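Visitor: Provided herewith is a single structure, encoded as structure tokens, for subsequent inquiry.
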Amino acid sequence: MNLQNVVDIQFRPMFQEIYDRGRGDVASFASDFLGVELHAGQVRWVHTVPWANERHLSCGNRWGKSASAAAKLLHNAFYQIRAPKYAELTKEYVGLNISLTIDMAKIVWDYAIQWGMDSKLFSRFILQSE
């Protein structure tokens with residue numbers, strides 16, 4: 001048997017399985033839906049309480065703050081994560097990314113748009129507005 005001709009085939013789990021897994025796990029959502037792998041520090045940060053009044057993250061350049069925020073933004077929008085007291089108020093969902101400058105906030109938005117549009121799975125859920 002020629003080992004150079006062996007192909008390792010891996011099958012993706014069914015959609016319901018990855019949907020359910022991603023609901024409670026931002027890192028799994030990022031991996032399964034977006035094809036993005038978060039490092040251990042990013043995983044700890046994105047798993048903070050989704051409706052916390054404030055989140056503080058103090059780390060250096062190139063740590064992945066913007067990437068983490070983009071993954072969290074897309075996850076919360078997809079599953080419409082909100083504080084329980086607001087769950088029944090509206091069917092619309094609005095997510096915000098606020099920063100000191102528009103340029104800084106746009107970095108997160110650019111990650112989110114790029115990942116969402118590049119993902120074969122996630123892009124199917126994006127409605128284009130005209």
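Residues in the structure tokens are numbered from 1 in each chain, the chains being A, B, ... in the order shown, and ligands are numbered from 1 in the order shown.
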What's the 10 Å shell around Val94 (chain A), counting only C-alpha atoms, without same-chain residues fewer than 6 positions away, as a list of chain:residue names?
Guide: A:Asn76, A:Ala77, A:Gln80, A:Arg82
Visitor: Could the residues in this selection be written to a file with N, CA, C and O atoms, as a CSV table (one decimal), in the first residue's frame?
Guide:
```
chain,number,residue,atom,x,y,z
A,76,ASN,N,-23.1,36.4,19.8
A,76,ASN,CA,-24.2,37.0,20.5
A,76,ASN,C,-25.3,37.3,19.5
A,76,ASN,O,-26.5,37.2,19.8
A,77,ALA,N,-24.9,37.8,18.3
A,77,ALA,CA,-25.9,38.2,17.3
A,77,ALA,C,-26.6,36.9,16.7
A,77,ALA,O,-27.8,36.9,16.5
A,80,GLN,N,-28.6,35.6,19.5
A,80,GLN,CA,-29.4,36.7,20.1
A,80,GLN,C,-29.3,36.6,21.7
A,80,GLN,O,-30.3,36.6,22.4
A,82,ARG,N,-28.9,37.9,25.2
A,82,ARG,CA,-29.2,39.1,25.9
A,82,ARG,C,-29.5,38.8,27.4
A,82,ARG,O,-29.7,37.7,27.8
```
Visitor: Report as a list in words all protein, DNA and RNA residues lying within 6 Å of region 68-75 of chain A, evaluated on only C-alpha atoms, omitting residues in the same chain fewer than 6 positions from it.
Guide: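 With the cut-off at 6 Å, the set is Gln42, Val108, Tyr111 and Ala112 of chain A.
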Visitor: Calculate how many Å separate CA of Glu88 (chain A) from CA of Trp109 (chain A), rounding to one decimal.
Guide: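 Those two atoms sit 26.9 Å apart.
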Visitor: Show me a table, sorted first by chain and then by increasing residue number, of the residues of region 10-51 of chain A having an atom at most 10 Å from region 113-127 of chain A, each with its shortest atom pair and the distance in Å to one decimal, counting only C-alpha atoms and written as JSON lines.
Guide:
```
{"residue": "A:Phe15", "atom": "CA", "partner": "A:Leu121", "partner_atom": "CA", "distance": 9.5}
{"residue": "A:Phe29", "atom": "CA", "partner": "A:Phe122", "partner_atom": "CA", "distance": 9.9}
{"residue": "A:Ala30", "atom": "CA", "partner": "A:Trp115", "partner_atom": "CA", "distance": 9.3}
{"residue": "A:Asp32", "atom": "CA", "partner": "A:Leu121", "partner_atom": "CA", "distance": 8.5}
{"residue": "A:Phe33", "atom": "CA", "partner": "A:Phe122", "partner_atom": "CA", "distance": 5.5}
{"residue": "A:Leu34", "atom": "CA", "partner": "A:Ser119", "partner_atom": "CA", "distance": 5.3}
{"residue": "A:Gly35", "atom": "CA", "partner": "A:Ser119", "partner_atom": "CA", "distance": 7.0}
{"residue": "A:Val36", "atom": "CA", "partner": "A:Trp115", "partner_atom": "CA", "distance": 8.2}
```
Visitor: Write to file, as a PDB file, in the first residue's frame, the residues of the selection just made, with N, CA, C and O atoms.
Guide:
```pdb
ATOM      1  N   PHE A  15     -25.522  19.652  11.574  1.00  0.00           N
ATOM      2  CA  PHE A  15     -25.743  21.049  11.918  1.00  0.00           C
ATOM      3  C   PHE A  15     -26.331  21.217  13.319  1.00  0.00           C
ATOM      4  O   PHE A  15     -25.886  22.071  14.076  1.00  0.00           O
ATOM      5  N   PHE A  29     -18.304  27.827  18.666  1.00  0.00           N
ATOM      6  CA  PHE A  29     -18.988  28.583  17.617  1.00  0.00           C
ATOM      7  C   PHE A  29     -17.975  29.162  16.632  1.00  0.00           C
ATOM      8  O   PHE A  29     -18.125  29.032  15.414  1.00  0.00           O
ATOM      9  N   ALA A  30     -16.924  29.786  17.169  1.00  0.00           N
ATOM     10  CA  ALA A  30     -15.901  30.402  16.317  1.00  0.00           C
ATOM     11  C   ALA A  30     -15.230  29.350  15.438  1.00  0.00           C
ATOM     12  O   ALA A  30     -15.006  29.573  14.244  1.00  0.00           O
ATOM     13  N   ASP A  32     -16.423  26.128  14.634  1.00  0.00           N
ATOM     14  CA  ASP A  32     -17.348  25.424  13.736  1.00  0.00           C
ATOM     15  C   ASP A  32     -17.987  26.322  12.690  1.00  0.00           C
ATOM     16  O   ASP A  32     -18.129  25.932  11.536  1.00  0.00           O
ATOM     17  N   PHE A  33     -18.412  27.513  13.085  1.00  0.00           N
ATOM     18  CA  PHE A  33     -19.126  28.387  12.163  1.00  0.00           C
ATOM     19  C   PHE A  33     -18.214  29.313  11.380  1.00  0.00           C
ATOM     20  O   PHE A  33     -18.496  29.631  10.232  1.00  0.00           O
ATOM     21  N   LEU A  34     -17.126  29.768  12.003  1.00  0.00           N
ATOM     22  CA  LEU A  34     -16.274  30.771  11.374  1.00  0.00           C
ATOM     23  C   LEU A  34     -14.930  30.235  10.906  1.00  0.00           C
ATOM     24  O   LEU A  34     -14.240  30.892  10.146  1.00  0.00           O
ATOM     25  N   GLY A  35     -14.526  29.062  11.404  1.00  0.00           N
ATOM     26  CA  GLY A  35     -13.222  28.515  11.064  1.00  0.00           C
ATOM     27  C   GLY A  35     -12.091  29.244  11.761  1.00  0.00           C
ATOM     28  O   GLY A  35     -10.963  29.270  11.270  1.00  0.00           O
ATOM     29  N   VAL A  36     -12.371  29.839  12.918  1.00  0.00           N
ATOM     30  CA  VAL A  36     -11.403  30.632  13.668  1.00  0.00           C
ATOM     31  C   VAL A  36     -11.119  29.922  14.991  1.00  0.00           C
ATOM     32  O   VAL A  36     -12.044  29.553  15.709  1.00  0.00           O
TER      33      VAL A  36
END
```
Visitor: Using Å and a single decimal, report how far CA of Leu57 (chain A) sits from CA of Trp45 (chain A).
Guide: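 So the answer is 7.8 Å.
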